[in-house]
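Novice: My structure file entry.cif, mmCIF, C-alpha atoms, is below:
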data_final
#
loop_
_atom_site.group_PDB
_atom_site.id
_atom_site.type_symbol
_atom_site.label_atom_id
_atom_site.label_comp_id
_atom_site.auth_asym_id
_atom_site.auth_seq_id
_atom_site.Cartn_x
_atom_site.Cartn_y
_atom_site.Cartn_z
ATOM 1 C CA MET A 1 -17.562 4.321 -62.718
ATOM 2 C CA LYS A 2 -13.743 4.239 -63.006
ATOM 3 C CA LYS A 3 -13.506 7.832 -61.853
ATOM 4 C CA LEU A 4 -15.102 7.007 -58.468
ATOM 5 C CA TYR A 5 -13.192 3.766 -57.930
ATOM 6 C CA TYR A 6 -9.576 5.066 -58.055
ATOM 7 C CA PRO A 7 -10.010 8.010 -55.638
ATOM 8 C CA PHE A 8 -11.754 5.696 -53.150
ATOM 9 C CA LEU A 9 -8.978 3.086 -53.420
ATOM 10 C CA TYR A 10 -6.321 5.802 -53.088
ATOM 11 C CA SER A 11 -8.029 7.219 -49.958
ATOM 12 C CA LEU A 12 -8.310 3.755 -48.419
ATOM 13 C CA LEU A 13 -4.611 3.008 -48.991
ATOM 14 C CA LEU A 14 -3.638 6.404 -47.587
ATOM 15 C CA ALA A 15 -5.715 5.785 -44.445
ATOM 16 C CA LEU A 16 -4.157 2.343 -43.936
ATOM 17 C CA ALA A 17 -0.658 3.791 -44.323
ATOM 18 C CA ALA A 18 -1.425 6.510 -41.744
ATOM 19 C CA VAL A 19 -2.722 3.966 -39.231
ATOM 20 C CA THR A 20 0.383 1.817 -39.730
ATOM 21 C CA LEU A 21 2.730 4.768 -39.257
ATOM 22 C CA LEU A 22 0.925 6.087 -36.178
ATOM 23 C CA SER A 23 0.779 2.712 -34.463
ATOM 24 C CA GLY A 24 4.560 2.424 -34.859
ATOM 25 C CA CYS A 25 5.035 5.574 -32.743
ATOM 26 C CA THR A 26 3.778 4.102 -29.478
ATOM 27 C CA GLU A 27 6.254 2.893 -26.868
ATOM 28 C CA ASP A 28 6.269 -0.856 -26.333
ATOM 29 C CA ASP A 29 5.892 -1.291 -22.565
ATOM 30 C CA ASP A 30 6.758 -4.993 -22.826
ATOM 31 C CA TYR A 31 10.309 -4.237 -23.983
ATOM 32 C CA TRP A 32 11.744 -3.871 -20.465
ATOM 33 C CA PRO A 33 12.710 -7.388 -19.340
ATOM 34 C CA TYR A 34 10.897 -8.624 -16.252
ATOM 35 C CA SER A 35 12.482 -11.639 -14.590
ATOM 36 C CA PRO A 36 12.708 -12.916 -11.024
ATOM 37 C CA PRO A 37 16.010 -12.902 -9.148
ATOM 38 C CA PRO A 38 18.268 -15.932 -9.545
ATOM 39 C CA GLY A 39 17.041 -18.849 -7.460
ATOM 40 C CA TRP A 40 13.434 -17.649 -7.220
ATOM 41 C CA GLY A 41 11.856 -20.750 -8.735
ATOM 42 C CA ASN A 42 8.553 -20.628 -6.846
ATOM 43 C CA TYR A 43 7.469 -17.009 -7.137
ATOM 44 C CA PHE A 44 3.955 -15.580 -7.409
ATOM 45 C CA TYR A 45 2.150 -12.255 -7.818
ATOM 46 C CA ASP A 46 0.204 -11.364 -4.673
ATOM 47 C CA ASP A 47 -3.246 -10.014 -5.615
ATOM 48 C CA ASP A 48 -3.431 -8.189 -2.271
ATOM 49 C CA LEU A 49 -0.749 -5.773 -3.546
ATOM 50 C CA TYR A 50 -2.929 -4.629 -6.465
ATOM 51 C CA GLY A 51 -3.562 -0.870 -6.376
ATOM 52 C CA THR A 52 -1.763 2.324 -5.386
ATOM 53 C CA TRP A 53 0.255 2.724 -2.186
ATOM 54 C CA GLU A 54 1.655 5.913 -0.616
ATOM 55 C CA LEU A 55 4.636 5.900 1.754
ATOM 56 C CA PHE A 56 3.690 7.593 5.018
ATOM 57 C CA GLN A 57 6.188 6.322 7.610
ATOM 58 C CA VAL A 58 9.864 5.362 7.589
ATOM 59 C CA ASN A 59 11.150 3.706 10.773
ATOM 60 C CA SER A 60 8.133 5.014 12.746
ATOM 61 C CA GLN A 61 8.683 8.610 11.541
ATOM 62 C CA TYR A 62 6.082 10.305 9.351
ATOM 63 C CA VAL A 63 7.332 11.530 5.977
ATOM 64 C CA SER A 64 6.547 14.917 4.455
ATOM 65 C CA GLU A 65 4.640 15.459 1.236
ATOM 66 C CA TYR A 66 7.834 15.678 -0.834
ATOM 67 C CA GLU A 67 9.619 12.828 0.956
ATOM 68 C CA THR A 68 6.918 10.340 0.108
ATOM 69 C CA ASN A 69 6.852 7.938 -2.810
ATOM 70 C CA TYR A 70 4.188 5.789 -4.435
ATOM 71 C CA MET A 71 4.025 2.247 -5.702
ATOM 72 C CA GLU A 72 1.383 1.074 -8.166
ATOM 73 C CA PHE A 73 0.926 -2.654 -8.573
ATOM 74 C CA TYR A 74 -0.970 -3.571 -11.739
ATOM 75 C CA GLY A 75 -0.805 -7.348 -11.308
ATOM 76 C CA GLY A 76 1.215 -9.935 -13.165
ATOM 77 C CA GLY A 77 4.484 -8.558 -11.795
ATOM 78 C CA ARG A 78 4.153 -5.116 -13.356
ATOM 79 C CA GLY A 79 3.827 -1.699 -11.816
ATOM 80 C CA ARG A 80 5.176 1.822 -11.509
ATOM 81 C CA TYR A 81 7.197 3.613 -8.859
ATOM 82 C CA TYR A 82 6.788 7.377 -8.318
ATOM 83 C CA TYR A 83 9.091 9.638 -6.312
ATOM 84 C CA TYR A 84 9.782 13.323 -5.756
ATOM 85 C CA ASP A 85 13.026 15.003 -6.777
ATOM 86 C CA TYR A 86 13.329 18.693 -5.892
ATOM 87 C CA GLY A 87 9.559 18.953 -5.542
ATOM 88 C CA ARG A 88 8.794 17.377 -8.913
ATOM 89 C CA LEU A 89 7.095 13.978 -9.247
ATOM 90 C CA TYR A 90 8.808 11.397 -11.472
ATOM 91 C CA GLY A 91 7.827 7.848 -12.339
ATOM 92 C CA GLU A 92 9.421 4.710 -13.694
ATOM 93 C CA ARG A 93 8.397 1.168 -14.442
ATOM 94 C CA MET A 94 8.933 -1.523 -11.876
ATOM 95 C CA ALA A 95 8.573 -5.277 -11.677
ATOM 96 C CA TYR A 96 7.830 -7.357 -8.611
ATOM 97 C CA PHE A 97 7.985 -11.000 -7.612
ATOM 98 C CA CYS A 98 6.691 -12.513 -4.370
ATOM 99 C CA GLN A 99 7.894 -15.646 -2.617
ATOM 100 C CA MET A 100 7.443 -17.539 0.635
ATOM 101 C CA SER A 101 10.259 -16.787 3.082
ATOM 102 C CA GLY A 102 11.692 -18.109 6.302
ATOM 103 C CA ASN A 103 11.601 -14.635 7.855
ATOM 104 C CA THR A 104 10.509 -14.520 11.500
ATOM 105 C CA THR A 105 8.434 -11.346 10.944
ATOM 106 C CA THR A 106 6.364 -12.610 8.028
ATOM 107 C CA SER A 107 6.067 -15.594 5.728
ATOM 108 C CA TYR A 108 6.457 -13.541 2.547
ATOM 109 C CA GLN A 109 9.134 -11.573 0.750
ATOM 110 C CA ILE A 110 8.993 -9.375 -2.321
ATOM 111 C CA ASN A 111 11.649 -8.474 -4.852
ATOM 112 C CA VAL A 112 11.058 -5.083 -6.482
ATOM 113 C CA GLN A 113 13.060 -4.195 -9.587
ATOM 114 C CA TYR A 114 13.157 -0.603 -10.758
ATOM 115 C CA GLU A 115 13.638 0.607 -14.311
ATOM 116 C CA ASN A 116 16.876 2.361 -13.291
ATOM 117 C CA GLY A 117 18.415 -1.071 -12.559
ATOM 118 C CA GLU A 118 18.145 -1.035 -8.774
ATOM 119 C CA GLN A 119 16.318 -3.770 -6.909
ATOM 120 C CA SER A 120 15.396 -4.671 -3.327
ATOM 121 C CA THR A 121 14.224 -7.827 -1.614
ATOM 122 C CA MET A 122 12.081 -7.104 1.443
ATOM 123 C CA ALA A 123 9.832 -8.891 3.889
ATOM 124 C CA TYR A 124 6.243 -7.689 3.539
ATOM 125 C CA TRP A 125 2.907 -7.995 5.307
ATOM 126 C CA PHE A 126 -0.440 -6.225 5.600
ATOM 127 C CA THR A 127 -2.446 -4.771 8.496
ATOM 128 C CA ASP A 128 -5.635 -2.710 8.839
ATOM 129 C CA GLY A 129 -7.728 -4.944 6.592
ATOM 130 C CA TYR A 130 -5.065 -4.990 3.832
ATOM 131 C CA ASN A 131 -4.957 -1.175 3.740
ATOM 132 C CA THR A 132 -1.467 -0.838 5.245
ATOM 133 C CA LEU A 133 1.537 -2.430 3.565
ATOM 134 C CA TRP A 134 4.719 -2.958 5.571
ATOM 135 C CA LEU A 135 8.096 -3.443 3.873
ATOM 136 C CA GLN A 136 11.147 -4.387 5.939
ATOM 137 C CA TRP A 137 14.776 -5.140 5.065
ATOM 138 C CA GLN A 138 18.318 -4.861 6.418
ATOM 139 C CA VAL A 139 20.836 -2.168 5.366
ATOM 140 C CA GLY A 140 24.265 -2.197 6.964
ATOM 141 C CA GLY A 141 23.008 -4.245 9.910
ATOM 142 C CA ARG A 142 20.092 -1.858 10.559
ATOM 143 C CA THR A 143 16.448 -2.719 10.004
ATOM 144 C CA GLN A 144 14.512 -0.415 7.675
ATOM 145 C CA THR A 145 10.704 -0.445 7.971
ATOM 146 C CA TYR A 146 8.494 1.405 5.499
ATOM 147 C CA MET A 147 4.727 1.726 5.925
ATOM 148 C CA TYR A 148 2.494 2.414 2.933
ATOM 149 C CA GLN A 149 -1.212 3.278 2.924
ATOM 150 C CA ARG A 150 -3.570 2.244 0.169
ATOM 151 C CA VAL A 151 -4.718 5.374 -1.730
ATOM 152 C CA ASN A 152 -7.017 6.065 -4.669
ATOM 153 C CA GLY A 153 -4.338 7.476 -6.984
ATOM 154 C CA ILE A 154 -1.209 9.519 -7.498
ATOM 155 C CA PRO A 155 -1.677 13.269 -6.854
#
Translate this file's structure into structure tokens.

Specialist:
Amino acid sequence: MKKLYYPFLYSLLLALAAVTLLSGCTEDDDYWPYSPPPGWGNYFYDDDLYGTWELFQVNSQYVSEYETNYMEFYGGGRGRYYYYDYGRLYGERMAYFCQMSGNTTTSYQINVQYENGEQSTMAYWFTDGYNTLWLQWQVGGRTQTYMYQRVNGIP
């Protein structure tokens, strides 16, 4: 009976050690700090943003396949941003926070924070039954307007 007990115990300990080592190899996605901009006390996560969005127009001009980008909103302020660089698709984590605004175009604004450290605060609204997302902000006194379409996934 002793001969069967020790090999079984040894195998069990070896399996537990392997599981512990392998689980330590995964990247912890919660490590990147998500926090709203200073002064954003009453923020929320808009459920209407949930899903994948593809950029198709910038300032009323259609964008080409390799000029486009994608935003995925997972909910709870988390998501991913995808963009092309020399024809290759890259992605990075992003965070987002929504807030009521006094903007004359819309009542809502969104702050998007990218993993590379950049961030933008933009007015946003939906059209076409919540299938078109509009983002608008000012750069150097000029208005920038991006239109995104809801899509099923990233190509």

Novice: Measuring between all atoms listed in the file, which one of A:Gln136, A:Thr145, A:Ser35, A:Asn152 shows the shortest distance to Tyr108 of chain A?

Specialist: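 Of A:Gln136, A:Thr145, A:Ser35, A:Asn152, the one nearest Tyr108 of chain A is A:Gln136, counting all atoms listed in the file.
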
Novice: Determine the residue membership of the PyMOL selection byres ((chain A and resi 40) around 12) for the file above and supply it as a list of chain:residue names.

Specialist: A:Ser35, A:Pro36, A:Pro37, A:Pro38, A:Gly39, A:Gly41, A:Asn42, A:Tyr43, A:Phe44, A:Tyr96, A:Phe97, A:Cys98, A:Gln99, A:Met100, A:Ser101, A:Gln109, A:Ile110, A:Asn111, A:Thr121

Novice: I need the residue nearest Glu67 of chain A from this list: A:Gly141, A:Pro33, A:Gly129, A:Gly87. Use only C-alpha atoms for the distance.

Specialist: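 Comparing A:Gly141, A:Pro33, A:Gly129, A:Gly87 against Glu67 of chain A, the winner is A:Gly87.
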
Novice: Can you turn the PyMOL selection byres ((chain A and resi 92) around 8) into a concrete residue list for this file, as number ranges by chain?

Specialist: A: 80-82, 90-91, 93-94, 114-116

Novice: For the selection you just gave me, I'd like the residues written to a file as a PDB file, in the frame of the given file, keeping C-alpha atoms.

Specialist:
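Output contents, as saved in selection13.pdb:
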ATOM      1  CA  ARG A  80       5.176   1.822 -11.509  1.00  0.00           C
ATOM      2  CA  TYR A  81       7.197   3.613  -8.859  1.00  0.00           C
ATOM      3  CA  TYR A  82       6.788   7.377  -8.318  1.00  0.00           C
ATOM      4  CA  TYR A  90       8.808  11.397 -11.472  1.00  0.00           C
ATOM      5  CA  GLY A  91       7.827   7.848 -12.339  1.00  0.00           C
ATOM      6  CA  ARG A  93       8.397   1.168 -14.442  1.00  0.00           C
ATOM      7  CA  MET A  94       8.933  -1.523 -11.876  1.00  0.00           C
ATOM      8  CA  TYR A 114      13.157  -0.603 -10.758  1.00  0.00           C
ATOM      9  CA  GLU A 115      13.638   0.607 -14.311  1.00  0.00           C
ATOM     10  CA  ASN A 116      16.876   2.361 -13.291  1.00  0.00           C
TER      11      ASN A 116
END

Novice: Report as a VMD selection string the full result of the PyMOL selection byres ((chain A and resi 137) around 9) when it is applied to this structure.

Specialist: chain A and resid 120 to 123 135 to 136 138 to 139 142 to 145

Novice: Neighbouring residues of Arg88 of chain A were defined as those with any atom within 12 Å, considering only C-alpha atoms; residues of the same chain fewer than 3 positions away were excluded. Please report them as a list of chain:residue names.

Specialist: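 Answer for this query is A:Glu65, A:Tyr66, A:Glu67, A:Thr68, A:Asn69, A:Tyr82, A:Tyr83, A:Tyr84, A:Asp85, A:Gly91, A:Pro155.
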
Novice: From the options A:Tyr130, A:Trp125, A:Trp53, A:Phe73, which residue's atoms come nearest to Arg150 of chain A, counting all atoms listed in the file?

Specialist: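 For Arg150 of chain A, the nearest of the given residues is A:Trp53.
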
Novice: Please measure the separation of atom CA of Thr52 of chain A and atom CA of Gly140 of chain A, giving the value in Å to one decimal.

Specialist: 29.2 Å

Novice: Report the distance between atom CA of Tyr34 of chain A and atom CA of Val58 of chain A in Å, rounded to one decimal place.

Specialist: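 Answer for the atom CA of Tyr34 of chain A to atom CA of Val58 of chain A separation: 27.7 Å.
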
Novice: In Å, how far is it from atom CA of Gly76 of chain A to atom CA of Phe56 of chain A?

Specialist: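 The value is 25.4 Å.
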
Novice: Draw an axis-aligned box tight on the listed atoms of segment 68-72 of chain A, then pad every side by 5 Å and write out centre and edge lengths in Å to one decimal as AutoDock Vina command-line options.

Specialist:
--center_x 4.2 --center_y 5.7 --center_z -4.0 --size_x 15.5 --size_y 19.3 --size_z 18.3

Novice: Point out the residue among A:Met147, A:Met71, A:Ile154, A:Val63 with the least atom-to-atom distance to Val112 of chain A, counting all atoms listed in the file.

Specialist: A:Met71

Novice: Which residue gives the smallest distance to Asp46 of chain A among A:Gly75, A:Thr105, A:Thr132, A:Gln61, with only C-alpha atoms counted?

Specialist: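 For Asp46 of chain A, the nearest of the candidates is A:Gly75.
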
Novice: What would segment 30-45 of chain A look like if you wrote it out as a short mmCIF file (atom, residue, chain, number, x, y, z; two decimals), in the first residue's frame, with N, CA and C atoms included, from the block I just posted?

Specialist:
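And here's selection37.cif as it stands now:
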data_model
loop_
_atom_site.label_atom_id
_atom_site.label_comp_id
_atom_site.auth_asym_id
_atom_site.auth_seq_id
_atom_site.Cartn_x
_atom_site.Cartn_y
_atom_site.Cartn_z
N ASP A 30 -5.47 44.12 -15.00
CA ASP A 30 -5.93 45.13 -14.06
C ASP A 30 -4.80 46.02 -13.57
N TYR A 31 -3.55 45.75 -13.99
CA TYR A 31 -2.42 46.50 -13.49
C TYR A 31 -2.43 47.95 -13.97
N TRP A 32 -2.87 48.19 -15.23
CA TRP A 32 -2.87 49.55 -15.75
C TRP A 32 -3.90 50.36 -14.99
N PRO A 33 -3.51 51.50 -14.42
CA PRO A 33 -4.44 52.26 -13.57
C PRO A 33 -5.48 53.03 -14.37
N TYR A 34 -6.73 52.75 -14.11
CA TYR A 34 -7.84 53.46 -14.72
C TYR A 34 -8.37 54.47 -13.71
N SER A 35 -8.38 55.75 -14.08
CA SER A 35 -8.97 56.74 -13.19
C SER A 35 -9.47 57.92 -14.01
N PRO A 36 -10.57 58.51 -13.59
CA PRO A 36 -11.13 59.63 -14.35
C PRO A 36 -10.23 60.86 -14.24
N PRO A 37 -10.41 61.81 -15.15
CA PRO A 37 -9.62 63.03 -15.09
C PRO A 37 -9.93 63.81 -13.80
N PRO A 38 -9.02 64.66 -13.38
CA PRO A 38 -9.28 65.47 -12.19
C PRO A 38 -10.56 66.30 -12.36
N GLY A 39 -11.36 66.31 -11.33
CA GLY A 39 -12.60 67.08 -11.35
C GLY A 39 -13.81 66.34 -11.89
N TRP A 40 -13.63 65.11 -12.35
CA TRP A 40 -14.75 64.34 -12.89
C TRP A 40 -15.39 63.53 -11.76
N GLY A 41 -16.10 64.20 -10.87
CA GLY A 41 -16.70 63.52 -9.74
C GLY A 41 -17.91 62.68 -10.10
N ASN A 42 -18.72 63.14 -11.04
CA ASN A 42 -19.95 62.43 -11.41
C ASN A 42 -19.81 61.81 -12.79
N TYR A 43 -18.99 60.78 -12.90
CA TYR A 43 -18.82 60.13 -14.19
C TYR A 43 -19.62 58.83 -14.21
N PHE A 44 -19.81 58.29 -15.42
CA PHE A 44 -20.54 57.04 -15.59
C PHE A 44 -19.99 56.32 -16.81
N TYR A 45 -20.41 55.09 -17.00
CA TYR A 45 -20.02 54.28 -18.16
C TYR A 45 -21.27 54.07 -19.00
#
